[in-house]
Amino acid sequence: MEIPRKISLCATLLAVPLAFSAVALPAQAQTLNIGIGGAVTSADPHFYNAAPNHALAMHVFDYLVGRDANAQPYPMLAESWRAVEPTLWEFKLRSGVKWHDGRDFTADDVAFSIARAPNVPNSPGGMGGFVRAITKVEVVDPLTIRFHTAAPHPLLPVELGAISIISRHAGEGATTEDYNSGKAAIGTGPYRLQAYRPGDRAELVRNDAYWGGKEPWEKVNFRFIGNDGARSAAVLAGDVDVIDQVPSSDLARLRRDSRITIAEIQGVRLIYLMADFSRTGEVSFVTDNAGKPLPQNPFQDVRVRRALSMAIQREALAERIMEGTAQPTGQWLPPGTFGYNPAVKPPAYDPDGAKKLLAEAGFPQGFRMTLHSPNDRYPNDAKTAQAVAQMWTRIGVQTQVEALPWTTFSVRSNRQEFGMRLSGWGSTTGEASYLLVNIIGTYDREKRTGASNSGRYSNPELDAMTARAAATIDDAQREKLLQEAVKFAMDDVAVTPLYQLVNTWAVRKGLTYEPRMDERTVAMGVRKAN
């Protein structure tokens with residue numbers, strides 16, 4: 001399924017139906033068991049910009065602007081929004097919304113959330129890019145809030161769809177641990193957090209007073225099952241009702257099983273490689289063939305980056321490693337999305353050309369390095385890293401792999417401890433600027449760009465192209481500018497795209513799941529089959 005071509009945000013969207021209100025099923029005392037492949041690193045909704053964290057947060061907290069299964073915006077806590085002036089947005093908030101403790105939701109809570117999101121102590125980061133355009137927040141009245149921006153910023157409503165709205169009275173002075181314990185996890189969402197156990201599960205209970213209508217599931221167990229085989233076994237045994245990240249090796253078998261149905265959709269998750277750009281001298285885990293650290297960072301040379309990209313057989317990764325559950329790519333969005341550039345193709349596999357480029361860059365005999373990868377975050381992540389390492393070794397870049405649990409990998413990656421890493425990024429806004437700003441935009445805490453730029457890539461010319469696109473009101477012109485930025489970034493090999501994931505879920509017979517392009521697994525998408 002493709003995302004619609006245009007994202008028009010200036011309309012108030014008053015006519016869009018609520019996502020959760022039209023539930024035909026009677027509310028019954030039932031428990032839903034979900035098994036997810038990615039670990040949730042915190043119940044604090046602002047702690048880390050990662051899909052599993054967002055998935056849990058979506059049960060407990062709401063957003064001003066929601067995103068449906070196809071990554072399209074709809075009114076949530078904000079009933080409507082409009083650009084009063086080119087640099088001023090006004091949001092009208094939903095009346096009658098209550099926090100889990102019975103207090104009223106107001107614009108002051110929104111202002112508090114916007115201020116806190118990019119400033120959580122000890123956070124790996126990631127939220128700053130969503131609010132980077134906001135220069136001032138103005139609370140007009142309890143149900144009206146205005147956002148001032150330095151320049152026109154038509155994507156603001158979509159970007160605010162990533163910021164969970166938390167309560168000031170529960171959140172002021174609260175730490176991340178206060179959210180993990182449940183003390184501060186007071187939301188307006190369809191479920192309340194009963195317990196969160198890192199590395200194990202989250203337990204949720206239904207919010208019977210939810211403004212969007214009561215959910216059919218009285219309790220939800222959100223289990224973290226990182227092992228692929230264990231996840232498949234759990235759904236087959238009936239220990240869980242739904243699993244995500246269906247292992248590609250089990251997909252055919254599960255499709256044939258009459259007890260299981262498969263839900264799938266082309267996702268917006270890119271699996272990519274990113275080098276360390278934070279150093280000009282020695283780089284961690286990169287040496288010459290004798291094991292001596294290189295005096296200069298080889299990844300600063302675009303010829304080296306292009307050589308490594310040309311040495312990768314993307315079709316082989318998609319067919320053999322991912323077993324048909326991924327699409328090879330040369331950019332970060334699938335066809336049909338806003339900013340996708342049809343002229344940017346996956347780089348052709350050319351090992352001889354790669355060797356020639358390495359020689360031109362001063363590495364005729366190659367060099368040695370370690371490719372770091374998570375081993376429990378993305379489907380076949382460590383297997384993909386091993387395959388890439390073999391491909392690089394064939395052109396003289398002797399590569400070994402160190403695969404780590406996501407909780408360890410993410411922290412170390414954000415500290416720039418790796419010379420080369422495998423990672424993933426889901427462009428949940430459904431358009432190209434999301435990655436341009438957060439992954440390859442220059443890291444700048446004050447400007448709140450590059451919030452997830454773990455490799456510290458920086459190119460001022462690309463930053464300027466991104467800024468021009470973000471400030472362009474006209475959809476057609478903005479898309480053209482984004483397409484130009486996509487080509488520029490891929491020519492410079494800011495990141496090395498490998499493939500885009502097809503998101504899959506396995507669901508027990510008698511249930512259905514609405515597949516989401518953003519790969520998030522939520523109880524609100526599970527219903528009894530007709």
# chains A, B, ... in the order shown; residues from 1 in each chain; ligands from 1
$ select_by_dssp --residues "range 245-490 of chain A" --states "strand (DSSP E or B)" --output "MDAnalysis selection string"
chainID A and resid 260:275 286:287 293 326:328 338 367:374 397:404 420:426 431 444 449
$ residues_around --residues "Arg259 in chain A" --least-positions-apart "3" --cutoff "10 Å" --atoms "only C-alpha atoms" --output "list in words"
Val235, Leu236, Ala237, Gly238, Leu254, Arg255, Arg256, Ala506, Val507, Arg508, Lys509 and Gly510 of chain A
$ write_last_selection --atoms "all heavy atoms" --output "PDB file, in the first residue's frame"
ATOM      1  N   VAL A 235       3.421 -17.342  19.663  1.00  0.00           N
ATOM      2  CA  VAL A 235       2.125 -17.150  19.012  1.00  0.00           C
ATOM      3  C   VAL A 235       1.530 -18.492  18.585  1.00  0.00           C
ATOM      4  O   VAL A 235       0.309 -18.685  18.622  1.00  0.00           O
ATOM      5  CB  VAL A 235       2.236 -16.167  17.823  1.00  0.00           C
ATOM      6  CG1 VAL A 235       2.927 -16.796  16.616  1.00  0.00           C
ATOM      7  CG2 VAL A 235       0.862 -15.622  17.434  1.00  0.00           C
ATOM      8  N   LEU A 236       2.370 -19.443  18.191  1.00  0.00           N
ATOM      9  CA  LEU A 236       1.864 -20.762  17.815  1.00  0.00           C
ATOM     10  C   LEU A 236       1.295 -21.502  19.019  1.00  0.00           C
ATOM     11  O   LEU A 236       0.308 -22.230  18.910  1.00  0.00           O
ATOM     12  CB  LEU A 236       2.982 -21.584  17.173  1.00  0.00           C
ATOM     13  CG  LEU A 236       3.350 -21.201  15.738  1.00  0.00           C
ATOM     14  CD1 LEU A 236       4.640 -21.893  15.315  1.00  0.00           C
ATOM     15  CD2 LEU A 236       2.218 -21.547  14.775  1.00  0.00           C
ATOM     16  N   ALA A 237       1.906 -21.304  20.173  1.00  0.00           N
ATOM     17  CA  ALA A 237       1.447 -21.988  21.386  1.00  0.00           C
ATOM     18  C   ALA A 237       0.255 -21.289  22.032  1.00  0.00           C
ATOM     19  O   ALA A 237      -0.359 -21.838  22.947  1.00  0.00           O
ATOM     20  CB  ALA A 237       2.591 -22.081  22.390  1.00  0.00           C
ATOM     21  N   GLY A 238      -0.061 -20.096  21.571  1.00  0.00           N
ATOM     22  CA  GLY A 238      -1.156 -19.348  22.168  1.00  0.00           C
ATOM     23  C   GLY A 238      -0.752 -18.570  23.398  1.00  0.00           C
ATOM     24  O   GLY A 238      -1.600 -18.019  24.101  1.00  0.00           O
ATOM     25  N   LEU A 254       4.176 -19.981   8.925  1.00  0.00           N
ATOM     26  CA  LEU A 254       3.061 -19.342   9.614  1.00  0.00           C
ATOM     27  C   LEU A 254       1.921 -19.019   8.663  1.00  0.00           C
ATOM     28  O   LEU A 254       0.743 -19.083   9.041  1.00  0.00           O
ATOM     29  CB  LEU A 254       3.549 -18.071  10.319  1.00  0.00           C
ATOM     30  CG  LEU A 254       4.473 -18.289  11.528  1.00  0.00           C
ATOM     31  CD1 LEU A 254       5.050 -16.972  12.015  1.00  0.00           C
ATOM     32  CD2 LEU A 254       3.736 -18.992  12.650  1.00  0.00           C
ATOM     33  N   ARG A 255       2.255 -18.670   7.433  1.00  0.00           N
ATOM     34  CA  ARG A 255       1.193 -18.421   6.444  1.00  0.00           C
ATOM     35  C   ARG A 255       0.348 -19.682   6.213  1.00  0.00           C
ATOM     36  O   ARG A 255      -0.863 -19.594   5.971  1.00  0.00           O
ATOM     37  CB  ARG A 255       1.794 -17.978   5.104  1.00  0.00           C
ATOM     38  CG  ARG A 255       2.330 -16.565   5.060  1.00  0.00           C
ATOM     39  CD  ARG A 255       2.697 -16.200   3.629  1.00  0.00           C
ATOM     40  NE  ARG A 255       3.502 -15.012   3.538  1.00  0.00           N
ATOM     41  CZ  ARG A 255       3.018 -13.771   3.561  1.00  0.00           C
ATOM     42  NH1 ARG A 255       1.716 -13.580   3.681  1.00  0.00           N
ATOM     43  NH2 ARG A 255       3.837 -12.734   3.470  1.00  0.00           N
ATOM     44  N   ARG A 256       0.983 -20.844   6.271  1.00  0.00           N
ATOM     45  CA  ARG A 256       0.271 -22.096   6.001  1.00  0.00           C
ATOM     46  C   ARG A 256      -0.522 -22.599   7.199  1.00  0.00           C
ATOM     47  O   ARG A 256      -1.391 -23.468   7.054  1.00  0.00           O
ATOM     48  CB  ARG A 256       1.276 -23.181   5.579  1.00  0.00           C
ATOM     49  CG  ARG A 256       1.954 -22.931   4.250  1.00  0.00           C
ATOM     50  CD  ARG A 256       2.695 -24.165   3.775  1.00  0.00           C
ATOM     51  NE  ARG A 256       3.733 -24.597   4.713  1.00  0.00           N
ATOM     52  CZ  ARG A 256       5.004 -24.215   4.650  1.00  0.00           C
ATOM     53  NH1 ARG A 256       5.402 -23.388   3.672  1.00  0.00           N
ATOM     54  NH2 ARG A 256       5.886 -24.657   5.532  1.00  0.00           N
ATOM     55  N   ALA A 506       1.962 -11.595  12.939  1.00  0.00           N
ATOM     56  CA  ALA A 506       1.257 -12.878  12.972  1.00  0.00           C
ATOM     57  C   ALA A 506       0.204 -12.791  14.071  1.00  0.00           C
ATOM     58  O   ALA A 506       0.502 -12.408  15.206  1.00  0.00           O
ATOM     59  CB  ALA A 506       2.221 -14.024  13.245  1.00  0.00           C
ATOM     60  N   VAL A 507      -1.035 -13.142  13.721  1.00  0.00           N
ATOM     61  CA  VAL A 507      -2.174 -12.938  14.617  1.00  0.00           C
ATOM     62  C   VAL A 507      -2.915 -14.257  14.803  1.00  0.00           C
ATOM     63  O   VAL A 507      -3.144 -14.998  13.832  1.00  0.00           O
ATOM     64  CB  VAL A 507      -3.141 -11.881  14.032  1.00  0.00           C
ATOM     65  CG1 VAL A 507      -4.227 -11.525  15.034  1.00  0.00           C
ATOM     66  CG2 VAL A 507      -2.378 -10.631  13.598  1.00  0.00           C
ATOM     67  N   ARG A 508      -3.282 -14.553  16.025  1.00  0.00           N
ATOM     68  CA  ARG A 508      -4.033 -15.775  16.304  1.00  0.00           C
ATOM     69  C   ARG A 508      -5.398 -15.742  15.627  1.00  0.00           C
ATOM     70  O   ARG A 508      -6.010 -14.695  15.461  1.00  0.00           O
ATOM     71  CB  ARG A 508      -4.227 -15.934  17.813  1.00  0.00           C
ATOM     72  CG  ARG A 508      -2.949 -16.191  18.601  1.00  0.00           C
ATOM     73  CD  ARG A 508      -2.498 -17.617  18.518  1.00  0.00           C
ATOM     74  NE  ARG A 508      -3.473 -18.523  19.111  1.00  0.00           N
ATOM     75  CZ  ARG A 508      -3.396 -19.853  19.038  1.00  0.00           C
ATOM     76  NH1 ARG A 508      -2.413 -20.415  18.371  1.00  0.00           N
ATOM     77  NH2 ARG A 508      -4.294 -20.609  19.620  1.00  0.00           N
ATOM     78  N   LYS A 509      -5.871 -16.925  15.219  1.00  0.00           N
ATOM     79  CA  LYS A 509      -7.173 -17.052  14.570  1.00  0.00           C
ATOM     80  C   LYS A 509      -8.265 -16.448  15.450  1.00  0.00           C
ATOM     81  O   LYS A 509      -8.276 -16.623  16.668  1.00  0.00           O
ATOM     82  CB  LYS A 509      -7.477 -18.527  14.309  1.00  0.00           C
ATOM     83  CG  LYS A 509      -8.763 -18.761  13.521  1.00  0.00           C
ATOM     84  CD  LYS A 509      -8.960 -20.245  13.235  1.00  0.00           C
ATOM     85  CE  LYS A 509     -10.232 -20.479  12.433  1.00  0.00           C
ATOM     86  NZ  LYS A 509     -10.433 -21.933  12.160  1.00  0.00           N
ATOM     87  N   GLY A 510      -9.179 -15.722  14.813  1.00  0.00           N
ATOM     88  CA  GLY A 510     -10.262 -15.071  15.540  1.00  0.00           C
ATOM     89  C   GLY A 510     -10.010 -13.606  15.813  1.00  0.00           C
ATOM     90  O   GLY A 510     -10.898 -12.906  16.299  1.00  0.00           O
TER      91      GLY A 510
END
$ atom_distance --atom1 "CA of Lys355 in chain A" --atom2 "CA of Val302 in chain A"
13.8 Å
$ closest_residue --among "A:Ile186, A:Ala354, A:Ile260, A:Leu482" --to "Ala43 in chain A" --atoms "only C-alpha atoms"
A:Ile186
$ closest_atom_pairs --of "range 393-511 of chain A" --to "range 316-319 of chain A" --cutoff "12 Å" --atoms "only C-alpha atoms" --output "tab-separated table"
residue	atom	partner	partner_atom	distance
A:Pro497	CA	A:Leu317	CA	11.8
A:Leu498	CA	A:Leu317	CA	8.0
A:Tyr499	CA	A:Ala318	CA	7.0
A:Gln500	CA	A:Ala318	CA	9.0
A:Leu501	CA	A:Ala318	CA	9.2
A:Val502	CA	A:Ala318	CA	10.5
$ residues_around --residues "Phe285 in chain A" --least-positions-apart "5" --cutoff "8 Å" --atoms "only C-alpha atoms" --output "number ranges by chain"
A: 369-370, 418-419
$ closest_residue --among "A:Asn53, A:Ser249, A:Ser181, A:Thr428" --to "Lys383 in chain A" --atoms "only C-alpha atoms"
A:Ser249
$ residues_around --residues "Asn119 in chain A" --least-positions-apart "4" --cutoff "12 Å" --atoms "only C-alpha atoms" --output "list in words"
His46, Phe47, Tyr48, Phe112, Ser113, Ile114, Ala115, Ser123, Pro124, Gly125, Gly126, Met127, Gly128, Gly129, Val131, Thr175, Thr176, Arg445, Glu446, Arg448 and Ala451 of chain A
$ closest_residue --among "A:Gln386, A:Thr449, A:Ser80, A:Thr149" --to "Ala133 in chain A" --atoms "only C-alpha atoms"
A:Thr149
$ closest_residue --among "A:Val401, A:Ala83, A:Ala432, A:Ile439" --to "Glu484 in chain A" --atoms "only C-alpha atoms"
A:Ala432
$ select_by_dssp --residues "range 49-107 of chain A" --states "alpha helix (DSSP H)" --output "number ranges by chain"
A: 51-60, 107
$ write_last_selection --atoms "all heavy atoms" --output "JSON list (two decimals), in the first residue's frame"
[["chain", "number", "residue", "atom", "x", "y", "z"],
["A", 51, "ALA", "N", 10.78, 3.25, 17.84],
["A", 51, "ALA", "CA", 9.44, 2.73, 17.58],
["A", 51, "ALA", "C", 8.86, 1.92, 18.74],
["A", 51, "ALA", "O", 7.68, 2.11, 19.08],
["A", 51, "ALA", "CB", 9.43, 1.91, 16.29],
["A", 52, "PRO", "N", 9.60, 1.01, 19.37],
["A", 52, "PRO", "CA", 9.00, 0.28, 20.50],
["A", 52, "PRO", "C", 8.58, 1.20, 21.64],
["A", 52, "PRO", "O", 7.53, 1.00, 22.26],
["A", 52, "PRO", "CB", 10.12, -0.68, 20.92],
["A", 52, "PRO", "CG", 10.97, -0.84, 19.72],
["A", 52, "PRO", "CD", 10.95, 0.50, 19.05],
["A", 53, "ASN", "N", 9.40, 2.21, 21.93],
["A", 53, "ASN", "CA", 9.04, 3.17, 22.99],
["A", 53, "ASN", "C", 7.77, 3.92, 22.63],
["A", 53, "ASN", "O", 6.87, 4.11, 23.46],
["A", 53, "ASN", "CB", 10.18, 4.16, 23.21],
["A", 53, "ASN", "CG", 11.40, 3.53, 23.85],
["A", 53, "ASN", "OD1", 11.73, 2.38, 23.58],
["A", 53, "ASN", "ND2", 12.09, 4.28, 24.69],
["A", 54, "HIS", "N", 7.67, 4.36, 21.36],
["A", 54, "HIS", "CA", 6.47, 5.06, 20.92],
["A", 54, "HIS", "C", 5.25, 4.15, 20.99],
["A", 54, "HIS", "O", 4.15, 4.60, 21.33],
["A", 54, "HIS", "CB", 6.65, 5.57, 19.49],
["A", 54, "HIS", "CG", 7.48, 6.81, 19.38],
["A", 54, "HIS", "ND1", 7.13, 8.01, 19.94],
["A", 54, "HIS", "CD2", 8.67, 7.04, 18.75],
["A", 54, "HIS", "CE1", 8.05, 8.93, 19.69],
["A", 54, "HIS", "NE2", 9.00, 8.36, 18.96],
["A", 55, "ALA", "N", 5.42, 2.88, 20.63],
["A", 55, "ALA", "CA", 4.29, 1.96, 20.64],
["A", 55, "ALA", "C", 3.70, 1.82, 22.03],
["A", 55, "ALA", "O", 2.48, 1.84, 22.21],
["A", 55, "ALA", "CB", 4.72, 0.59, 20.10],
["A", 56, "LEU", "N", 4.56, 1.68, 23.04],
["A", 56, "LEU", "CA", 4.06, 1.61, 24.41],
["A", 56, "LEU", "C", 3.41, 2.93, 24.81],
["A", 56, "LEU", "O", 2.32, 2.95, 25.39],
["A", 56, "LEU", "CB", 5.20, 1.27, 25.37],
["A", 56, "LEU", "CG", 4.83, 1.26, 26.86],
["A", 56, "LEU", "CD1", 3.73, 0.24, 27.14],
["A", 56, "LEU", "CD2", 6.06, 0.98, 27.73],
["A", 57, "ALA", "N", 4.07, 4.04, 24.47],
["A", 57, "ALA", "CA", 3.54, 5.36, 24.84],
["A", 57, "ALA", "C", 2.15, 5.61, 24.26],
["A", 57, "ALA", "O", 1.32, 6.26, 24.90],
["A", 57, "ALA", "CB", 4.50, 6.45, 24.40],
["A", 58, "MET", "N", 1.89, 5.10, 23.06],
["A", 58, "MET", "CA", 0.60, 5.33, 22.40],
["A", 58, "MET", "C", -0.57, 4.76, 23.19],
["A", 58, "MET", "O", -1.70, 5.19, 23.01],
["A", 58, "MET", "CB", 0.61, 4.74, 20.99],
["A", 58, "MET", "CG", 1.44, 5.53, 20.00],
["A", 58, "MET", "SD", 1.62, 4.69, 18.41],
["A", 58, "MET", "CE", -0.08, 4.71, 17.81],
["A", 59, "HIS", "N", -0.31, 3.79, 24.05],
["A", 59, "HIS", "CA", -1.38, 3.23, 24.87],
["A", 59, "HIS", "C", -1.73, 4.14, 26.05],
["A", 59, "HIS", "O", -2.89, 4.23, 26.45],
["A", 59, "HIS", "CB", -0.96, 1.86, 25.41],
["A", 59, "HIS", "CG", -0.80, 0.81, 24.36],
["A", 59, "HIS", "ND1", 0.32, 0.71, 23.58],
["A", 59, "HIS", "CD2", -1.63, -0.18, 23.96],
["A", 59, "HIS", "CE1", 0.18, -0.31, 22.75],
["A", 59, "HIS", "NE2", -0.99, -0.86, 22.95],
["A", 60, "VAL", "N", -0.73, 4.80, 26.57],
["A", 60, "VAL", "CA", -0.89, 5.57, 27.81],
["A", 60, "VAL", "C", -1.12, 7.05, 27.56],
["A", 60, "VAL", "O", -1.88, 7.70, 28.29],
["A", 60, "VAL", "CB", 0.36, 5.37, 28.71],
["A", 60, "VAL", "CG1", 0.22, 6.12, 30.03],
["A", 60, "VAL", "CG2", 0.62, 3.89, 28.95],
["A", 107, "ALA", "N", -4.36, 23.41, 27.82],
["A", 107, "ALA", "CA", -3.26, 23.89, 26.99],
["A", 107, "ALA", "C", -1.96, 24.01, 27.78],
["A", 107, "ALA", "O", -0.87, 23.90, 27.21],
["A", 107, "ALA", "CB", -3.62, 25.24, 26.36]]
$ closest_residue --among "A:Trp89, A:Phe409, A:Asn49, A:Met465" --to "Lys480 in chain A" --atoms "only C-alpha atoms"
A:Met465
$ residues_around --residues "Ala311 in chain A" --least-positions-apart "3" --cutoff "8 Å" --atoms "only C-alpha atoms" --output "list in words"
Ala307, Leu308, Tyr349, Asp350, Pro351, Ala354, Met391, Trp392 and Ile395 of chain A
$ write_last_selection --atoms "all heavy atoms" --output "compact mmCIF listing (two decimals), in the first residue's frame"
# COMPACT_ATOMS: atom_id res chain seq x y z
N ALA A 307 32.80 3.38 -2.37
CA ALA A 307 33.34 2.04 -2.59
C ALA A 307 32.62 1.02 -1.72
O ALA A 307 32.22 -0.06 -2.19
CB ALA A 307 34.83 2.02 -2.31
N LEU A 308 32.42 1.34 -0.45
CA LEU A 308 31.74 0.42 0.45
C LEU A 308 30.30 0.19 0.02
O LEU A 308 29.77 -0.93 0.11
CB LEU A 308 31.79 0.96 1.88
CG LEU A 308 33.18 1.02 2.52
CD1 LEU A 308 33.12 1.71 3.87
CD2 LEU A 308 33.78 -0.37 2.66
N TYR A 349 25.88 -3.17 -7.94
CA TYR A 349 26.94 -3.97 -7.33
C TYR A 349 28.14 -3.98 -8.28
O TYR A 349 28.06 -4.42 -9.42
CB TYR A 349 26.44 -5.39 -7.09
CG TYR A 349 27.49 -6.35 -6.61
CD1 TYR A 349 28.22 -6.09 -5.45
CD2 TYR A 349 27.76 -7.52 -7.31
CE1 TYR A 349 29.18 -6.98 -4.99
CE2 TYR A 349 28.72 -8.42 -6.86
CZ TYR A 349 29.43 -8.14 -5.71
OH TYR A 349 30.38 -9.02 -5.26
N ASP A 350 29.27 -3.45 -7.81
CA ASP A 350 30.45 -3.30 -8.66
C ASP A 350 31.71 -3.45 -7.80
O ASP A 350 32.35 -2.46 -7.45
CB ASP A 350 30.42 -1.94 -9.36
CG ASP A 350 31.57 -1.75 -10.33
OD1 ASP A 350 32.38 -2.69 -10.51
OD2 ASP A 350 31.67 -0.64 -10.90
N PRO A 351 32.09 -4.69 -7.46
CA PRO A 351 33.26 -4.88 -6.59
C PRO A 351 34.56 -4.39 -7.21
O PRO A 351 35.43 -3.86 -6.50
CB PRO A 351 33.28 -6.39 -6.35
CG PRO A 351 32.49 -6.97 -7.48
CD PRO A 351 31.45 -5.96 -7.81
N ALA A 354 34.63 -0.75 -6.84
CA ALA A 354 34.86 -0.42 -5.43
C ALA A 354 36.36 -0.49 -5.10
O ALA A 354 36.90 0.39 -4.42
CB ALA A 354 34.07 -1.38 -4.54
N MET A 391 30.82 -9.14 2.24
CA MET A 391 30.93 -8.42 0.97
C MET A 391 32.08 -7.42 1.01
O MET A 391 32.83 -7.27 0.04
CB MET A 391 29.61 -7.70 0.67
CG MET A 391 28.44 -8.65 0.43
SD MET A 391 26.84 -7.78 0.34
CE MET A 391 25.70 -9.17 0.27
N TRP A 392 32.24 -6.75 2.14
CA TRP A 392 33.34 -5.78 2.26
C TRP A 392 34.69 -6.48 2.31
O TRP A 392 35.68 -5.99 1.75
CB TRP A 392 33.13 -4.93 3.51
CG TRP A 392 32.09 -3.86 3.31
CD1 TRP A 392 31.54 -3.46 2.12
CD2 TRP A 392 31.48 -3.06 4.33
NE1 TRP A 392 30.61 -2.47 2.34
CE2 TRP A 392 30.56 -2.20 3.68
CE3 TRP A 392 31.61 -2.99 5.71
CZ2 TRP A 392 29.79 -1.27 4.38
CZ3 TRP A 392 30.85 -2.07 6.41
CH2 TRP A 392 29.94 -1.22 5.75
N ILE A 395 36.39 -7.10 -1.00
CA ILE A 395 37.07 -6.01 -1.73
C ILE A 395 38.30 -5.53 -0.96
O ILE A 395 38.89 -4.51 -1.32
CB ILE A 395 36.12 -4.82 -2.01
CG1 ILE A 395 35.66 -4.17 -0.70
CG2 ILE A 395 34.94 -5.24 -2.88
CD1 ILE A 395 35.03 -2.79 -0.89
$ atom_distance --atom1 "CA of Pro157 in chain A" --atom2 "CA of Ser42 in chain A"
25.3 Å
$ closest_atom_pairs --of "range 152-234 of chain A" --to "range 66-74 of chain A" --cutoff "12 Å" --atoms "only C-alpha atoms" --output "tab-separated table"
residue	atom	partner	partner_atom	distance
A:Leu155	CA	A:Pro73	CA	10.8
A:Leu156	CA	A:Pro73	CA	11.3
A:Pro157	CA	A:Pro73	CA	8.1
A:Val158	CA	A:Pro73	CA	6.4
A:Glu159	CA	A:Pro73	CA	9.8
A:Leu160	CA	A:Gly66	CA	8.9
A:Gly161	CA	A:Gly66	CA	5.5
A:Ala162	CA	A:Gly66	CA	8.3
A:Ile163	CA	A:Gly66	CA	9.9
A:Ser164	CA	A:Gly66	CA	10.0
A:Ile165	CA	A:Gly66	CA	11.4
A:Gly189	CA	A:Gly66	CA	11.9
$ residues_around --residues "Gly366 in chain A" --least-positions-apart "5" --cutoff "8 Å" --atoms "only C-alpha atoms" --output "short mmCIF file (atom, residue, chain, number, x, y, z; two decimals) with C-alpha atoms, in the first residue's frame"
data_model
loop_
_atom_site.label_atom_id
_atom_site.label_comp_id
_atom_site.auth_asym_id
_atom_site.auth_seq_id
_atom_site.Cartn_x
_atom_site.Cartn_y
_atom_site.Cartn_z
CA ASP A 288 45.38 -0.87 8.89
CA ASN A 289 45.89 -4.50 7.95
CA LEU A 358 39.64 2.42 -2.56
CA ALA A 359 42.99 2.54 -4.38
CA ILE A 395 37.07 -6.01 -1.73
CA GLY A 396 39.90 -5.93 0.79
CA VAL A 397 38.20 -4.22 3.73
CA GLN A 398 38.58 -6.97 6.33
#
$ residues_around --residues "Asn380 in chain A" --least-positions-apart "3" --cutoff "9 Å" --atoms "only C-alpha atoms" --output "ChimeraX atom specification"
/A:228,247-248,321-322,375-377,383-385
$ write_last_selection --atoms "C-alpha atoms" --output "mmCIF file, in the first residue's frame"
data_model
loop_
_atom_site.group_PDB
_atom_site.id
_atom_site.type_symbol
_atom_site.label_atom_id
_atom_site.label_comp_id
_atom_site.auth_asym_id
_atom_site.auth_seq_id
_atom_site.Cartn_x
_atom_site.Cartn_y
_atom_site.Cartn_z
ATOM 1 C CA ASP A 228 12.890 -14.685 16.763
ATOM 2 C CA PRO A 247 10.916 -13.901 11.420
ATOM 3 C CA SER A 248 11.442 -14.256 7.672
ATOM 4 C CA ILE A 321 18.856 -12.696 4.275
ATOM 5 C CA MET A 322 15.414 -11.084 4.425
ATOM 6 C CA ASN A 375 21.108 -8.272 17.482
ATOM 7 C CA ASP A 376 17.540 -7.902 18.754
ATOM 8 C CA ARG A 377 16.104 -4.687 17.294
ATOM 9 C CA LYS A 383 22.574 -11.572 9.924
ATOM 10 C CA THR A 384 22.502 -8.565 7.616
ATOM 11 C CA ALA A 385 25.625 -7.178 9.273
#
